[in-house]
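Asks: Can you read through this structure? Questions will come right after.
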Amino acid sequence: MYTSITNRRSFIKEMAKLSAMTAAATMFPGILFAKEQEKGLPKGVNLDWKKAPCRFCGVGCGVLVGIENGKAVAVKGDPKSSVNKGLCCVKGYHSVIAMYGKDRLTKPLVKKNGKYVTTTMDEALELIASKMKETIKNHGKDSVSIYGSGQWTIPDGYVASKLFKGCIGTNNVEANARLCMASAVTGFLTSFGMDEPMGCYDDIDHADVFVLWGNNMAEMHPVLFSRLLDQRLKKRVKIIDLATRTTRTSVAADKSILFLPQTDLALANAICYEIINNGWVNNTFVEKHCNFSKGLTNMGYGLEDKYKFNDKPEKIDFEAYKKFLEDYTPEKVAKISGVSVKDIKYLASYYGDPNKKVMSLWCMGVNQHTRGTWMNNLIYNIHLLTGKISTPGNSPFSLTGQPSACGTVREVGTLTHKLPHGVVMNEKHRELAAKIWDVPVENIDPKPTFHTVEMFRALDRGDIRFMWIQVTNPMVTIPKLKRYREGAKKEGRFIVVSDIYPTPTTDIADVILPSAMWIEREGMYGNSERLTQHFEQMVDPPGEAMSDTWQLIEIAKRMGYEKQFYYKKDTHIEEIYNEYRKHHDNNKHNLAPLAVLKENSGMHWPYVDGKPTKWRFNSKYDPACSNGETFHFYGKPDGKAVIWQRPYEPAAEAPDEAYPFWLNTGRVVEHWHTGSMTRRIPVLHKAMPKAYVELNPEDAKRMQIKNGDKVRLTTRRGQIVMPASINERGVPAPMQVFVPFFDESLLINDITLDSFCPISKEPDYKKCAVNVEKV
Amino acid sequence: MPVISYLAHPHEGKKEELIKVLANFKECEVIPAQNKNILVVVTETQTKQEEDYLKQKLDALSSLKLLAMVSGFNTPEKK
């Protein structure tokens, strides 16, 4: 960040240009900037352009990849994609470069006497299968595990779940979406009984007001944010940024409101108080379509090993809920949150105005929260009280961070408690899965085992002895990382890592398998708005690299599950997808046939009678509604959504005398997550080569810290030294600091806290206490 | 050091004229749409005052109907 101002300016100019082109594309469908879009393409060649969803974030932009002589050489936006209408962000435009880094893994590596030696794929697979069998024999089926990702394609996650849950019989299946989306899932399930947003990106074209809850869209979802800006140009919509830190989103918004960490809980309740107190409740909607409930409180924070929590929902009535909200008057909440009474009332008035369509958008700020499930519930409460839901433009919308966090982790169900349809605890769901998987129903264990943080704790303790990690980088991302890195290195652990580049996670591996990346194999992703997208294999993977799907199939066959893993090499993706669709064969979740996915730039589910469903739970759009009313929240047995009584509770660790600052962590626009791909894209790496700590200018002045000065951050878990950044990108509020996590040479997660939401088990990466010193 | 992007809407039939005029501004990069009556204009100036002055000059162009800002970034000055 400090060495390359010139490059950063070029990058920023590129960003500004792309923002404008994206805005133009949404205003004028089909608009072409051919000269700019094809700048840099090889001259005089006739590229073969093929469609795919972008490999990076969860927005799911459609891209066209230009192929020349078996190599992907160019990317442009897919004009037929309803998501991005022909444009991409800078990461998308440069995505194919990530396939050709000079240190790409091309051969399997096995650790022998502390050194990695090259072996054949056949030998590596034999070793993995034999180690798995040996571990199960010596320590039981629950001693082996797989840890995957929201970057798994749908077939990857499906065969992983089938092998581990269906064949081996362990629920030790988790994915990194636990770290980013689990609170969204439990929020949906508790409020509506079904996962994933009821609306879609078309809501952006209909809304009058956008409220961003702790969501830096300008950097994390730039194409979607450009669509918001475009709406402002067209019809003067309002964009309100609610955050703990001033970001590019705050600057671009019409109004930026800063709240103190964790107090979003109180703020959301204050909005509900105002809605009720001012008579803005949509009484007809609430009476017909909502129930009121409360759950347990003072749940703890999951800091201790083997922590357990089960909520006990209890029905309440409207009057009890109204009474509860008396603790959240704007005046009281202003004192807790630091948000003025005027601003609380301003926010509530937009939600309460029957003539304004409101879209709430959120991502990590709400989800990575020790009360993440509650925060999701509270945003739904606001939309349910006002009836602003499931209609175009009225949309509580949880965004995702990975290309298939929804499609694979949430829909295939690669979490310990999940099955492709339903949960392991439900006998009927187990029976359905066992039938489709062709395994005895007794194979599927009715008890969930370890969620992600607990899975790494189990590896440390020795309850888990074998872990296979695919397409994710936990040795950068797990909170309180030092404990889990040391745990993974203990004697008697066997770690397999499938990836495309060396990472801190391959450093702990006993076997490294080289994976095929993105368009080097066929697959599907599912994005934030229930859009399933297919991509074909366009180029060959390098060396012996193999798709994660086929790696799993090879192991399954070696472990004796040839009958269940009958798939043929040439047609396995089609066979797997067709088998997977059987789990969702109903009008609430039916997936489009493969032929439809191949013809189109994505298709929304539920796909019923040849049509996608863009707005669920609204009988005008959703054929699954069957109660004869306008709305039907059919995920719940009584067809009603739940308004939850959820209080404000403090964070797991708050600043004190010894650690007086809040530490917040997150991402930057240049890099995708841990940077293992984007740091191999020179333009992105040069624009943002190193991590840094953002300080508030007043704090920096008082501590005599200037840009680039070395700063030591110390928490109860350890310390790290990194350069200061003041007034450069984001600006934290006083007594708060922000550090991005993309830089593997500055592992901020060594000092974060592994507290999590007791309901979702998603860690809170946004809040712990830290001391800050100039070195 | 502001970097700002705009969508520039030319008057009917004045697109080429606007492209030519904008090409003379050293602070401006122009990306015309191939099939619509609109241009993307990215400006890069040293100071806020310079940017404001440039904006005034752009607004005064007779071939320009509307200049709508899309995004603005400010980067630190090179020390």
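Identifiers in this document derive from the order of the structure tokens: chains are assigned A, B, ..., residues are numbered from 1 separately in each chain, and ligands are numbered from 1 in order of occurrence.
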Show me, as CSV, the residues of chain B having an atom within 8 Å of chain A, each with the closest atom pair and its distance in Å, using only C-alpha atoms.
Replies:
```
residue,atom,partner,partner_atom,distance
B:Val3,CA,A:Lys13,CA,6.3
B:Ile4,CA,A:Ala16,CA,6.4
B:Ser5,CA,A:Ala16,CA,5.3
B:Tyr6,CA,A:Ala20,CA,6.3
B:Leu7,CA,A:Ala20,CA,6.4
B:Ile31,CA,A:Glu36,CA,7.0
B:Pro32,CA,A:Phe33,CA,6.7
B:Ala33,CA,A:Phe33,CA,4.7
B:Gln34,CA,A:Leu32,CA,5.4
B:Asn35,CA,A:Leu32,CA,6.1
B:Lys36,CA,A:Ile31,CA,6.3
B:Val40,CA,A:Ala20,CA,6.2
B:Val41,CA,A:Lys17,CA,7.6
B:Val42,CA,A:Lys17,CA,6.2
B:Glu44,CA,A:Lys13,CA,7.9
B:Ala68,CA,A:Leu233,CA,7.2
B:Val70,CA,A:Ala20,CA,5.6
B:Ser71,CA,A:Ala16,CA,5.9
B:Gly72,CA,A:Ala16,CA,7.0
B:Phe73,CA,A:Ile12,CA,7.2
B:Thr75,CA,A:Glu728,CA,6.8
B:Pro76,CA,A:Glu728,CA,6.4
B:Lys78,CA,A:Ile5,CA,6.6
```
Asks: Env of Tyr659 of chain A: 12 Å cut, atoms = only C-alpha atoms, seq-sep filter 2 positions within chain, self excluded. Answer as a list of chain:residue names.
Replies: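 The contact residues come out as A:Glu653, A:Ala654, A:Pro655, A:Asp656, A:Glu657, A:Phe661, A:Trp662, A:Leu663, A:Leu713, A:Thr714, A:Thr715, A:Arg716, A:Arg717, A:Gly718, A:Gln719, A:Met735, A:Gln736, A:Val737, A:Cys768, A:Ala769, A:Val770, A:Asn771, A:Val772, A:Glu773.
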Asks: For the residues selected in the previous step, produce a file with N, CA and C atoms as an mmCIF file, in the first residue's frame.
Replies:
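Dumped to out_22.cif:
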```cif
data_model
loop_
_atom_site.group_PDB
_atom_site.id
_atom_site.type_symbol
_atom_site.label_atom_id
_atom_site.label_comp_id
_atom_site.auth_asym_id
_atom_site.auth_seq_id
_atom_site.Cartn_x
_atom_site.Cartn_y
_atom_site.Cartn_z
ATOM 1 N N GLU A 653 -15.792 -9.763 23.808
ATOM 2 C CA GLU A 653 -14.612 -9.108 24.402
ATOM 3 C C GLU A 653 -14.667 -7.631 24.009
ATOM 4 N N ALA A 654 -14.778 -6.772 24.987
ATOM 5 C CA ALA A 654 -14.858 -5.338 24.709
ATOM 6 C C ALA A 654 -13.572 -4.659 25.192
ATOM 7 N N PRO A 655 -13.243 -3.510 24.629
ATOM 8 C CA PRO A 655 -12.042 -2.803 25.077
ATOM 9 C C PRO A 655 -12.051 -2.527 26.582
ATOM 10 N N ASP A 656 -10.875 -2.566 27.176
ATOM 11 C CA ASP A 656 -10.716 -2.245 28.591
ATOM 12 C C ASP A 656 -9.410 -1.458 28.750
ATOM 13 N N GLU A 657 -8.948 -1.338 29.969
ATOM 14 C CA GLU A 657 -7.757 -0.523 30.205
ATOM 15 C C GLU A 657 -6.522 -1.093 29.516
ATOM 16 N N PHE A 661 -8.627 -0.575 22.439
ATOM 17 C CA PHE A 661 -9.217 -0.356 21.113
ATOM 18 C C PHE A 661 -10.066 -1.567 20.701
ATOM 19 N N TRP A 662 -11.015 -1.316 19.779
ATOM 20 C CA TRP A 662 -11.703 -2.407 19.075
ATOM 21 C C TRP A 662 -10.852 -2.800 17.865
ATOM 22 N N LEU A 663 -10.732 -4.104 17.615
ATOM 23 C CA LEU A 663 -10.096 -4.592 16.382
ATOM 24 C C LEU A 663 -11.169 -5.166 15.463
ATOM 25 N N LEU A 713 0.144 -4.341 17.330
ATOM 26 C CA LEU A 713 -1.195 -4.655 17.826
ATOM 27 C C LEU A 713 -1.073 -5.848 18.765
ATOM 28 N N THR A 714 -1.595 -5.700 19.970
ATOM 29 C CA THR A 714 -1.500 -6.784 20.954
ATOM 30 C C THR A 714 -2.890 -7.118 21.477
ATOM 31 N N THR A 715 -3.246 -8.395 21.385
ATOM 32 C CA THR A 715 -4.484 -8.858 22.021
ATOM 33 C C THR A 715 -4.109 -9.943 23.027
ATOM 34 N N ARG A 716 -5.101 -10.499 23.673
ATOM 35 C CA ARG A 716 -4.827 -11.576 24.642
ATOM 36 C C ARG A 716 -4.294 -12.828 23.940
ATOM 37 N N ARG A 717 -4.373 -12.882 22.599
ATOM 38 C CA ARG A 717 -3.879 -14.055 21.867
ATOM 39 C C ARG A 717 -2.457 -13.876 21.346
ATOM 40 N N GLY A 718 -1.946 -12.656 21.315
ATOM 41 C CA GLY A 718 -0.601 -12.459 20.767
ATOM 42 C C GLY A 718 -0.441 -11.076 20.184
ATOM 43 N N GLN A 719 0.610 -10.909 19.407
ATOM 44 C CA GLN A 719 0.834 -9.574 18.830
ATOM 45 C C GLN A 719 1.356 -9.654 17.397
ATOM 46 N N MET A 735 -10.805 5.134 18.576
ATOM 47 C CA MET A 735 -10.545 3.969 19.424
ATOM 48 C C MET A 735 -10.954 2.651 18.752
ATOM 49 N N GLN A 736 -10.894 2.658 17.433
ATOM 50 C CA GLN A 736 -11.111 1.424 16.673
ATOM 51 C C GLN A 736 -10.013 1.319 15.620
ATOM 52 N N VAL A 737 -9.610 0.098 15.295
ATOM 53 C CA VAL A 737 -8.667 -0.102 14.191
ATOM 54 C C VAL A 737 -9.223 -1.178 13.268
ATOM 55 N N CYS A 768 -12.877 -7.573 18.737
ATOM 56 C CA CYS A 768 -12.179 -8.027 19.940
ATOM 57 C C CYS A 768 -11.366 -6.834 20.431
ATOM 58 N N ALA A 769 -10.785 -6.986 21.612
ATOM 59 C CA ALA A 769 -10.073 -5.862 22.221
ATOM 60 C C ALA A 769 -8.592 -5.935 21.865
ATOM 61 N N VAL A 770 -7.999 -4.779 21.589
ATOM 62 C CA VAL A 770 -6.600 -4.758 21.150
ATOM 63 C C VAL A 770 -5.898 -3.523 21.728
ATOM 64 N N ASN A 771 -4.620 -3.704 22.015
ATOM 65 C CA ASN A 771 -3.809 -2.552 22.381
ATOM 66 C C ASN A 771 -3.013 -2.116 21.156
ATOM 67 N N VAL A 772 -2.834 -0.819 20.987
ATOM 68 C CA VAL A 772 -2.158 -0.272 19.811
ATOM 69 C C VAL A 772 -0.985 0.576 20.278
ATOM 70 N N GLU A 773 0.203 0.273 19.765
ATOM 71 C CA GLU A 773 1.393 1.049 20.162
ATOM 72 C C GLU A 773 2.235 1.361 18.929
#
```
Asks: So which residues touch segment 19-21 of chain B within 12 Å, counting only C-alpha atoms, skipping near sequence neighbours fewer than 5 positions away, as a ChimeraX atom specification?
Replies: /B:8-11,13-14,26,28-33,37-41,57-58,60-64
Asks: Among segment 360-405 of chain A, which residues carry a DSSP assignment of alpha helix (DSSP H), reported as a ChimeraX atom specification?
Replies: /A:364-367,372-385
Asks: Could you dump the residues just selected with C-alpha atoms as a short mmCIF file (atom, residue, chain, number, x, y, z; two decimals), in the first residue's frame?
Replies:
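As a result, again27.cif now contains:
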```cif
data_model
loop_
_atom_site.label_atom_id
_atom_site.label_comp_id
_atom_site.auth_asym_id
_atom_site.auth_seq_id
_atom_site.Cartn_x
_atom_site.Cartn_y
_atom_site.Cartn_z
CA MET A 364 -20.16 -9.84 6.96
CA GLY A 365 -20.88 -7.02 9.44
CA VAL A 366 -24.17 -8.64 10.40
CA ASN A 367 -23.19 -12.27 9.93
CA GLY A 372 -25.40 -12.84 14.05
CA THR A 373 -28.57 -14.92 13.97
CA TRP A 374 -30.30 -12.32 16.10
CA MET A 375 -29.16 -9.50 13.83
CA ASN A 376 -30.58 -11.31 10.80
CA ASN A 377 -33.85 -11.83 12.71
CA LEU A 378 -33.97 -8.15 13.68
CA ILE A 379 -33.63 -6.91 10.10
CA TYR A 380 -36.42 -9.30 9.07
CA ASN A 381 -38.51 -7.95 11.97
CA ILE A 382 -38.34 -4.47 10.45
CA HIS A 383 -39.47 -5.72 7.03
CA LEU A 384 -42.17 -7.98 8.50
CA LEU A 385 -43.66 -5.29 10.75
#
```
Asks: From the set B:Leu66, B:Ala23, B:Met1, B:Glu16, which residue has the shortest atom-to-atom contact distance to Thr47 of chain B, counting only C-alpha atoms?
Replies: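 Checking each candidate against Thr47 of chain B, we get B:Met1 as the closest.
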Asks: Which residue, A:Ile576, A:Tyr561, A:Thr613, A:Arg465, has the smallest gap to Met132 of chain A when you use only C-alpha atoms?
Replies: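 Result for the nearest residue to Met132 of chain A: A:Arg465.
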Asks: Just the residues within 8 Å of Val185 of chain A, please, counting only C-alpha atoms, with nothing from its chain fewer than 2 positions along; format it as a PyMOL selection string.
Replies: chain A and resi 181-183+187-189+195-196+410+760
Asks: Considering only C-alpha atoms, state which residue in the set A:Pro542, A:Met677, A:Asn664, A:Gly60 is at the smallest distance from Tyr201 of chain A.
Replies: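 Smallest distance to Tyr201 of chain A is found for A:Gly60.
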Asks: Could you tell me which of A:Leu419, A:Val476, A:Ala207, A:Ala733 comes closest to Leu746 of chain A if we count only C-alpha atoms?
Replies: A:Val476
Asks: One decimal, Å: what's the distance from atom CA of Leu552 of chain A over to atom CA of Asn138 of chain A, could you say?
Replies: 21.9 Å
Asks: Residues within 9 Å of Ala243 of chain A, please, as an MDAnalysis selection string. Count only C-alpha atoms; anything in the same chain fewer than 6 positions from it doesn't count.
Replies: chainID A and resid 212:216 250 256:261 264 365
Asks: Using DSSP secondary structure from the backbone, list all strand (DSSP E or B) positions within segment 28-248 of chain A, as a compact mmCIF listing (two decimals) with C-alpha atoms, in the first residue's frame.
Replies:
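File written: selection_26.txt
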```txt
# COMPACT_ATOMS: atom_id res chain seq x y z
CA ASP A 48 -13.59 -18.52 -28.89
CA TRP A 49 -15.77 -16.84 -26.21
CA LYS A 50 -17.47 -19.15 -23.71
CA LYS A 51 -19.78 -18.25 -20.82
CA ALA A 52 -19.11 -18.87 -17.12
CA PRO A 53 -19.96 -17.33 -13.77
CA GLY A 62 -21.65 -13.67 -15.91
CA VAL A 63 -18.39 -13.54 -17.85
CA LEU A 64 -17.27 -14.56 -21.31
CA VAL A 65 -13.85 -16.18 -21.38
CA GLY A 66 -11.78 -15.83 -24.54
CA ILE A 67 -9.89 -19.02 -25.42
CA GLU A 68 -6.96 -19.16 -27.79
CA LYS A 71 -5.39 -21.08 -23.07
CA ALA A 72 -7.78 -18.61 -21.44
CA VAL A 73 -6.48 -15.22 -22.55
CA ALA A 74 -9.28 -12.72 -21.96
CA VAL A 75 -12.43 -12.00 -19.99
CA LYS A 76 -15.32 -9.71 -20.72
CA GLY A 77 -18.71 -9.31 -19.13
CA LEU A 109 3.41 -33.73 -3.19
CA VAL A 110 3.89 -36.02 -0.20
CA LYS A 111 5.72 -35.00 2.94
CA LYS A 112 8.59 -37.40 3.68
CA LYS A 115 10.25 -32.43 2.97
CA TYR A 116 7.76 -32.47 0.15
CA VAL A 117 8.55 -34.91 -2.64
CA THR A 118 6.76 -35.26 -5.95
CA VAL A 144 -11.99 -38.32 9.72
CA SER A 145 -13.29 -35.07 8.31
CA ILE A 146 -13.53 -32.87 5.25
CA TYR A 147 -13.38 -29.09 5.26
CA GLY A 148 -14.49 -27.48 2.01
CA VAL A 173 -18.41 -32.24 6.80
CA GLU A 174 -17.94 -28.50 7.08
CA ALA A 175 -17.12 -25.63 4.77
CA VAL A 209 -34.20 3.37 -0.41
CA PHE A 210 -31.21 1.14 0.25
CA VAL A 211 -30.06 0.56 3.81
CA LEU A 212 -26.64 -1.10 4.01
CA TRP A 213 -26.10 -2.78 7.36
CA LYS A 238 -31.44 7.11 -1.19
CA ILE A 239 -28.45 5.06 -0.10
CA ILE A 240 -27.87 4.93 3.65
CA ASP A 241 -24.69 3.37 5.00
CA LEU A 242 -24.82 2.02 8.54
CA ALA A 243 -21.37 1.02 9.69
CA ARG A 245 -16.10 2.52 10.00
CA THR A 246 -16.15 5.11 7.21
```
Asks: With only C-alpha atoms as the counted atoms, please give the residues lying no more than 9 Å from Arg430 of chain A, apart from itself and same-chain residues fewer than 4 positions off, as a PyMOL selection string.
Replies: chain A and resi 419+421-426+434-435+441-442+444-446
Asks: Output the selection as a CSV table (one decimal), in the first residue's frame - C-alpha atoms for each residue.
Replies:
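out-v5.csv was written with the following content:
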```csv
chain,number,residue,atom,x,y,z
A,419,LEU,CA,-28.2,-32.9,4.0
A,421,HIS,CA,-32.6,-31.7,1.4
A,422,GLY,CA,-33.1,-30.9,5.1
A,423,VAL,CA,-31.1,-32.0,8.1
A,424,VAL,CA,-29.5,-35.1,9.5
A,425,MET,CA,-31.7,-34.9,12.6
A,426,ASN,CA,-34.9,-35.5,10.5
A,434,ALA,CA,-30.1,-42.6,1.7
A,435,LYS,CA,-32.5,-43.7,-1.1
A,441,VAL,CA,-30.4,-45.2,6.0
A,442,GLU,CA,-28.5,-46.3,9.2
A,444,ILE,CA,-26.4,-41.4,8.0
A,445,ASP,CA,-25.8,-40.4,11.6
A,446,PRO,CA,-28.7,-38.5,13.1
```
Asks: Restricting the calculation to only C-alpha atoms: of A:Ala651, A:Lys563, A:Lys774, A:Asn527, which residue gets closest to Met703 of chain A?
Replies: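 Among the listed residues, A:Lys774 lies closest to Met703 of chain A.
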Asks: Calculate how many Å separate atom CA of Ile204 of chain A from atom CA of Thr386 of chain A, rounding to one decimal.
Replies: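 About the pair atom CA of Ile204 of chain A and atom CA of Thr386 of chain A: they are 18.7 Å apart.
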